[in-house]
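As stored in model30.json (JSON, N, CA and C atoms):
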[["chain", "number", "residue", "atom", "x", "y", "z"],
["A", 1, "MET", "N", 91.98, 97.97, 69.83],
["A", 1, "MET", "CA", 91.66, 99.31, 70.30],
["A", 1, "MET", "C", 92.97, 100.01, 70.69],
["A", 2, "PRO", "N", 93.23, 101.19, 70.16],
["A", 2, "PRO", "CA", 94.45, 101.91, 70.52],
["A", 2, "PRO", "C", 94.50, 102.21, 72.02],
["A", 3, "CYS", "N", 95.71, 102.21, 72.56],
["A", 3, "CYS", "CA", 95.86, 102.38, 74.01],
["A", 3, "CYS", "C", 95.39, 103.76, 74.48],
["A", 4, "TYR", "N", 95.43, 104.78, 73.62],
["A", 4, "TYR", "CA", 94.99, 106.10, 74.08],
["A", 4, "TYR", "C", 93.49, 106.12, 74.39],
["A", 5, "PHE", "N", 92.70, 105.28, 73.71],
["A", 5, "PHE", "CA", 91.28, 105.18, 74.05],
["A", 5, "PHE", "C", 91.10, 104.68, 75.48],
["A", 6, "VAL", "N", 91.90, 103.72, 75.86],
["A", 6, "VAL", "CA", 91.83, 103.16, 77.21],
["A", 6, "VAL", "C", 92.23, 104.22, 78.22],
["A", 7, "ILE", "N", 93.27, 104.97, 77.93],
["A", 7, "ILE", "CA", 93.72, 106.01, 78.86],
["A", 7, "ILE", "C", 92.65, 107.09, 79.01],
["A", 8, "VAL", "N", 92.05, 107.52, 77.92],
["A", 8, "VAL", "CA", 90.99, 108.54, 77.99],
["A", 8, "VAL", "C", 89.79, 107.98, 78.77],
["A", 9, "TRP", "N", 89.43, 106.72, 78.52],
["A", 9, "TRP", "CA", 88.33, 106.12, 79.26],
["A", 9, "TRP", "C", 88.64, 106.10, 80.76],
["A", 10, "LEU", "N", 89.86, 105.70, 81.11],
["A", 10, "LEU", "CA", 90.26, 105.69, 82.53],
["A", 10, "LEU", "C", 90.23, 107.10, 83.11],
["A", 11, "LEU", "N", 90.67, 108.09, 82.34],
["A", 11, "LEU", "CA", 90.61, 109.48, 82.81],
["A", 11, "LEU", "C", 89.17, 109.90, 83.08],
["A", 12, "CYS", "N", 88.28, 109.57, 82.16],
["A", 12, "CYS", "CA", 86.87, 109.94, 82.33],
["A", 12, "CYS", "C", 86.25, 109.26, 83.54],
["A", 13, "GLN", "N", 86.70, 108.07, 83.86],
["A", 13, "GLN", "CA", 86.18, 107.32, 85.01],
["A", 13, "GLN", "C", 86.92, 107.65, 86.30],
["A", 14, "LYS", "N", 87.95, 108.51, 86.21],
["A", 14, "LYS", "CA", 88.82, 108.86, 87.35],
["A", 14, "LYS", "C", 89.43, 107.60, 87.96],
["A", 15, "ARG", "N", 89.88, 106.69, 87.08],
["A", 15, "ARG", "CA", 90.45, 105.43, 87.53],
["A", 15, "ARG", "C", 91.88, 105.20, 87.02],
["A", 16, "LEU", "N", 92.49, 106.24, 86.48],
["A", 16, "LEU", "CA", 93.86, 106.10, 85.99],
["A", 16, "LEU", "C", 94.79, 105.89, 87.18],
["A", 17, "THR", "N", 95.67, 104.92, 87.07],
["A", 17, "THR", "CA", 96.58, 104.61, 88.18],
["A", 17, "THR", "C", 97.69, 105.65, 88.23],
["A", 18, "THR", "N", 97.56, 106.56, 89.16],
["A", 18, "THR", "CA", 98.57, 107.58, 89.40],
["A", 18, "THR", "C", 99.14, 107.35, 90.80],
["A", 19, "LYS", "N", 100.20, 108.05, 91.11],
["A", 19, "LYS", "CA", 100.88, 107.82, 92.39],
["A", 19, "LYS", "C", 99.99, 108.11, 93.59],
["A", 20, "ASP", "N", 99.11, 109.09, 93.48],
["A", 20, "ASP", "CA", 98.22, 109.36, 94.62],
["A", 20, "ASP", "C", 97.30, 108.18, 94.89],
["A", 21, "ARG", "N", 96.82, 107.52, 93.84],
["A", 21, "ARG", "CA", 95.95, 106.34, 94.02],
["A", 21, "ARG", "C", 96.75, 105.17, 94.57],
["A", 22, "MET", "N", 97.97, 104.96, 94.05],
["A", 22, "MET", "CA", 98.79, 103.85, 94.55],
["A", 22, "MET", "C", 99.14, 104.06, 96.02],
["A", 23, "LYS", "N", 99.39, 105.32, 96.40],
["A", 23, "LYS", "CA", 99.69, 105.64, 97.79],
["A", 23, "LYS", "C", 98.48, 105.31, 98.67],
["A", 24, "ALA", "N", 97.28, 105.64, 98.18],
["A", 24, "ALA", "CA", 96.05, 105.34, 98.92],
["A", 24, "ALA", "C", 95.84, 103.84, 99.07],
["A", 25, "TRP", "N", 96.33, 103.05, 98.12],
["A", 25, "TRP", "CA", 96.22, 101.59, 98.18],
["A", 25, "TRP", "C", 97.26, 100.97, 99.10],
["A", 26, "GLY", "N", 98.18, 101.81, 99.61],
["A", 26, "GLY", "CA", 99.22, 101.31, 100.51],
["A", 26, "GLY", "C", 100.47, 100.82, 99.81],
["A", 27, "ILE", "N", 100.64, 101.16, 98.54],
["A", 27, "ILE", "CA", 101.83, 100.76, 97.79],
["A", 27, "ILE", "C", 102.95, 101.73, 98.11],
["A", 28, "ASN", "N", 104.08, 101.18, 98.55],
["A", 28, "ASN", "CA", 105.24, 102.00, 98.87],
["A", 28, "ASN", "C", 106.01, 102.33, 97.60],
["A", 29, "MET", "N", 106.33, 103.61, 97.43],
["A", 29, "MET", "CA", 107.10, 104.08, 96.28],
["A", 29, "MET", "C", 108.28, 104.87, 96.78],
["A", 30, "ALA", "N", 109.33, 104.90, 95.97],
["A", 30, "ALA", "CA", 110.51, 105.68, 96.34],
["A", 30, "ALA", "C", 110.15, 107.16, 96.46],
["A", 31, "SER", "N", 109.26, 107.62, 95.57],
["A", 31, "SER", "CA", 108.83, 109.01, 95.59],
["A", 31, "SER", "C", 107.41, 109.09, 95.06],
["A", 32, "ASP", "N", 106.62, 109.98, 95.65],
["A", 32, "ASP", "CA", 105.27, 110.17, 95.13],
["A", 32, "ASP", "C", 105.18, 111.45, 94.30],
["A", 33, "ALA", "N", 106.34, 112.06, 94.05],
["A", 33, "ALA", "CA", 106.38, 113.28, 93.25],
["A", 33, "ALA", "C", 106.17, 112.96, 91.77],
["A", 34, "CYS", "N", 105.76, 113.96, 91.04],
["A", 34, "CYS", "CA", 105.57, 113.84, 89.59],
["A", 34, "CYS", "C", 106.90, 113.50, 88.93],
["A", 35, "ASP", "N", 106.90, 112.48, 88.09],
["A", 35, "ASP", "CA", 108.13, 112.08, 87.41],
["A", 35, "ASP", "C", 108.53, 113.06, 86.31],
["A", 36, "LEU", "N", 107.60, 113.84, 85.80],
["A", 36, "LEU", "CA", 107.91, 114.78, 84.73],
["A", 36, "LEU", "C", 108.60, 116.04, 85.25],
["A", 37, "CYS", "N", 108.07, 116.61, 86.33],
["A", 37, "CYS", "CA", 108.61, 117.88, 86.82],
["A", 37, "CYS", "C", 109.27, 117.77, 88.19],
["A", 38, "LYS", "N", 109.23, 116.59, 88.79],
["A", 38, "LYS", "CA", 109.77, 116.36, 90.14],
["A", 38, "LYS", "C", 109.11, 117.26, 91.17],
["A", 39, "GLY", "N", 107.89, 117.68, 90.88],
["A", 39, "GLY", "CA", 107.15, 118.59, 91.74],
["A", 39, "GLY", "C", 106.26, 117.88, 92.72],
["A", 40, "PRO", "N", 105.03, 118.36, 92.87],
["A", 40, "PRO", "CA", 104.12, 117.84, 93.90],
["A", 40, "PRO", "C", 103.64, 116.42, 93.61],
["A", 41, "LEU", "N", 102.81, 115.95, 94.50],
["A", 41, "LEU", "CA", 102.21, 114.62, 94.38],
["A", 41, "LEU", "C", 101.59, 114.42, 93.00],
["A", 42, "GLU", "N", 101.88, 113.28, 92.39],
["A", 42, "GLU", "CA", 101.34, 112.98, 91.07],
["A", 42, "GLU", "C", 99.87, 112.57, 91.19],
["A", 43, "THR", "N", 99.00, 113.46, 90.76],
["A", 43, "THR", "CA", 97.57, 113.18, 90.67],
["A", 43, "THR", "C", 97.20, 113.21, 89.19],
["A", 44, "MET", "N", 96.01, 112.78, 88.88],
["A", 44, "MET", "CA", 95.55, 112.80, 87.49],
["A", 44, "MET", "C", 95.54, 114.24, 86.96],
["A", 45, "ASP", "N", 94.99, 115.16, 87.74],
["A", 45, "ASP", "CA", 94.93, 116.55, 87.30],
["A", 45, "ASP", "C", 96.33, 117.14, 87.12],
["A", 46, "HIS", "N", 97.21, 116.85, 88.07],
["A", 46, "HIS", "CA", 98.57, 117.38, 87.95],
["A", 46, "HIS", "C", 99.27, 116.80, 86.72],
["A", 47, "LEU", "N", 99.21, 115.49, 86.58],
["A", 47, "LEU", "CA", 99.95, 114.82, 85.52],
["A", 47, "LEU", "C", 99.55, 115.32, 84.13],
["A", 48, "PHE", "N", 98.28, 115.54, 83.90],
["A", 48, "PHE", "CA", 97.82, 115.90, 82.56],
["A", 48, "PHE", "C", 97.59, 117.40, 82.34],
["A", 49, "PHE", "N", 97.36, 118.18, 83.41],
["A", 49, "PHE", "CA", 96.98, 119.57, 83.18],
["A", 49, "PHE", "C", 97.71, 120.60, 84.04],
["A", 50, "GLU", "N", 98.24, 120.24, 85.18],
["A", 50, "GLU", "CA", 98.88, 121.22, 86.05],
["A", 50, "GLU", "C", 100.40, 121.18, 85.96],
["A", 51, "CYS", "N", 100.95, 120.05, 85.59],
["A", 51, "CYS", "CA", 102.40, 119.89, 85.49],
["A", 51, "CYS", "C", 102.95, 120.85, 84.42],
["A", 52, "PRO", "N", 104.01, 121.58, 84.74],
["A", 52, "PRO", "CA", 104.58, 122.50, 83.75],
["A", 52, "PRO", "C", 105.01, 121.81, 82.45],
["A", 53, "VAL", "N", 105.47, 120.58, 82.54],
["A", 53, "VAL", "CA", 105.90, 119.85, 81.34],
["A", 53, "VAL", "C", 104.69, 119.49, 80.48],
["A", 54, "SER", "N", 103.65, 118.94, 81.06],
["A", 54, "SER", "CA", 102.48, 118.57, 80.27],
["A", 54, "SER", "C", 101.74, 119.82, 79.78],
["A", 55, "ARG", "N", 101.82, 120.92, 80.52],
["A", 55, "ARG", "CA", 101.19, 122.17, 80.09],
["A", 55, "ARG", "C", 101.83, 122.65, 78.78],
["A", 56, "ILE", "N", 103.14, 122.53, 78.68],
["A", 56, "ILE", "CA", 103.84, 122.91, 77.44],
["A", 56, "ILE", "C", 103.37, 122.03, 76.29],
["A", 57, "VAL", "N", 103.22, 120.74, 76.53],
["A", 57, "VAL", "CA", 102.74, 119.83, 75.48],
["A", 57, "VAL", "C", 101.35, 120.25, 75.03],
["A", 58, "TRP", "N", 100.45, 120.52, 75.99],
["A", 58, "TRP", "CA", 99.09, 120.93, 75.65],
["A", 58, "TRP", "C", 99.08, 122.23, 74.88],
["A", 59, "GLN", "N", 99.92, 123.19, 75.29],
["A", 59, "GLN", "CA", 99.98, 124.47, 74.60],
["A", 59, "GLN", "C", 100.41, 124.28, 73.14],
["A", 60, "LYS", "N", 101.39, 123.42, 72.92],
["A", 60, "LYS", "CA", 101.85, 123.16, 71.56],
["A", 60, "LYS", "C", 100.78, 122.44, 70.73],
["A", 61, "LEU", "N", 100.07, 121.50, 71.34],
["A", 61, "LEU", "CA", 99.00, 120.81, 70.62],
["A", 61, "LEU", "C", 97.87, 121.78, 70.25],
["A", 62, "LEU", "N", 97.47, 122.61, 71.20],
["A", 62, "LEU", "CA", 96.41, 123.57, 70.92],
["A", 62, "LEU", "C", 96.83, 124.53, 69.80],
["A", 63, "LYS", "N", 98.08, 124.98, 69.84],
["A", 63, "LYS", "CA", 98.57, 125.86, 68.78],
["A", 63, "LYS", "C", 98.55, 125.14, 67.43],
["A", 64, "LEU", "N", 98.96, 123.87, 67.42],
["A", 64, "LEU", "CA", 98.95, 123.08, 66.19],
["A", 64, "LEU", "C", 97.53, 122.94, 65.65],
["A", 65, "TRP", "N", 96.55, 122.82, 66.53],
["A", 65, "TRP", "CA", 95.15, 122.68, 66.15],
["A", 65, "TRP", "C", 94.46, 124.03, 65.93],
["A", 66, "LEU", "N", 95.27, 125.11, 66.00],
["A", 66, "LEU", "CA", 94.78, 126.48, 65.80],
["A", 66, "LEU", "C", 93.76, 126.92, 66.85],
["A", 67, "VAL", "N", 93.93, 126.43, 68.05],
["A", 67, "VAL", "CA", 93.07, 126.81, 69.17],
["A", 67, "VAL", "C", 93.81, 127.89, 69.96],
["A", 68, "GLN", "N", 93.19, 129.05, 70.09],
["A", 68, "GLN", "CA", 93.84, 130.20, 70.72],
["A", 68, "GLN", "C", 93.41, 130.37, 72.18],
["A", 69, "ARG", "N", 93.79, 129.44, 73.01],
["A", 69, "ARG", "CA", 93.50, 129.53, 74.44],
["A", 69, "ARG", "C", 94.46, 128.63, 75.20],
["A", 70, "ALA", "N", 94.55, 128.87, 76.48],
["A", 70, "ALA", "CA", 95.36, 128.01, 77.35],
["A", 70, "ALA", "C", 94.55, 126.75, 77.68],
["A", 71, "PRO", "N", 95.23, 125.67, 78.02],
["A", 71, "PRO", "CA", 94.50, 124.47, 78.42],
["A", 71, "PRO", "C", 93.72, 124.71, 79.71],
["A", 72, "PHE", "N", 92.52, 124.15, 79.77],
["A", 72, "PHE", "CA", 91.68, 124.24, 80.96],
["A", 72, "PHE", "C", 91.94, 123.03, 81.86],
["A", 73, "PRO", "N", 91.50, 123.10, 83.13],
["A", 73, "PRO", "CA", 91.54, 121.90, 83.98],
["A", 73, "PRO", "C", 90.72, 120.78, 83.36],
["A", 74, "TRP", "N", 90.99, 119.55, 83.77],
["A", 74, "TRP", "CA", 90.40, 118.36, 83.15],
["A", 74, "TRP", "C", 88.89, 118.42, 83.07],
["A", 75, "GLN", "N", 88.21, 118.77, 84.15],
["A", 75, "GLN", "CA", 86.74, 118.77, 84.14],
["A", 75, "GLN", "C", 86.18, 119.73, 83.09],
["A", 76, "GLN", "N", 86.81, 120.88, 82.92],
["A", 76, "GLN", "CA", 86.37, 121.83, 81.91],
["A", 76, "GLN", "C", 86.65, 121.31, 80.51],
["A", 77, "GLU", "N", 87.79, 120.68, 80.30],
["A", 77, "GLU", "CA", 88.13, 120.11, 79.00],
["A", 77, "GLU", "C", 87.15, 118.99, 78.66],
["A", 78, "LEU", "N", 86.78, 118.21, 79.64],
["A", 78, "LEU", "CA", 85.87, 117.10, 79.42],
["A", 78, "LEU", "C", 84.49, 117.59, 78.97],
["A", 79, "GLN", "N", 84.05, 118.70, 79.55],
["A", 79, "GLN", "CA", 82.74, 119.25, 79.17],
["A", 79, "GLN", "C", 82.81, 119.82, 77.79]]
Can you dump the structure from the file as structure tokens?
Amino acid sequence: MPCYFVIVWLLCQKRLTTKDRMKAWGINMASDACDLCKGPLETMDHLFFECPVSRIVWQKLLKLWLVQRAPFPWQQELQ
């Protein structure tokens, strides 16, 4: 099974290991900021849809797929 299926399944179950979840488990990290943009706390929503870096990736993918809209938040995309 390709690894992206596992990642999508984890996203759908809200079980993807992100820094906010590791912090809640008591795991100490050097930084809880997003590694892509060095911005706010890395959450699932931020990492895939709110981060400026991932937003650019989504915009390029949507354009490639001829979809004329901005990416929606995860729950809307899932629906």
Of the candidates A:Leu78, A:Val8, A:Leu62, A:Cys51, which shows the shortest atom-to-atom distance to Asp35 in chain A, using only C-alpha atoms?
A:Cys51
Could you give me the residues within chain A that DSSP places in alpha helix (DSSP H), as a PyMOL selection string?
chain A and resi 3-12+19-24+44-45+52-64+74-78
Nearby residues (only N, CA and C atoms) at most 7 Å from Arg21 in chain A, same-chain spacing under 5 positions excluded, as a list in words:
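Once the adjacent positions are removed, what remains is Leu16, Gly26, Ile27, Glu42 and Thr43 of chain A.
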Coordinates-based distance that separates atom N of Asp20 in chain A from CA of Asp32 in chain A (Å, one decimal):
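Straight-line distance from CA of Asp32 in chain A to atom N of Asp20 in chain A works out to 6.5 Å.
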Which of these residues is nearest to Phe48 in chain A, using only C-alpha atoms: A:Ala30, A:Lys63, A:Pro71, A:Lys19?
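Closest candidate: A:Pro71.
Summary of the local environment: counting only C-alpha atoms, residues at most 12 Å from Arg69 in chain A, other than itself and those fewer than 5 positions away along its chain, are Trp58, Gln59, Lys60, Leu61, Leu62, Lys63, Leu64 and Glu77 of chain A.
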Could you check which of A:Ile7, A:Val67, A:Ala24, A:Cys37 is closest to Val53 in chain A, using only C-alpha atoms?
A:Cys37
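From CA of Cys3 in chain A back to CA of Lys23 in chain A, the distance works out to 24.3 Å.
The interatomic distance for the pair CA of Met44 in chain A and CA of Leu10 in chain A works out to 10.2 Å.
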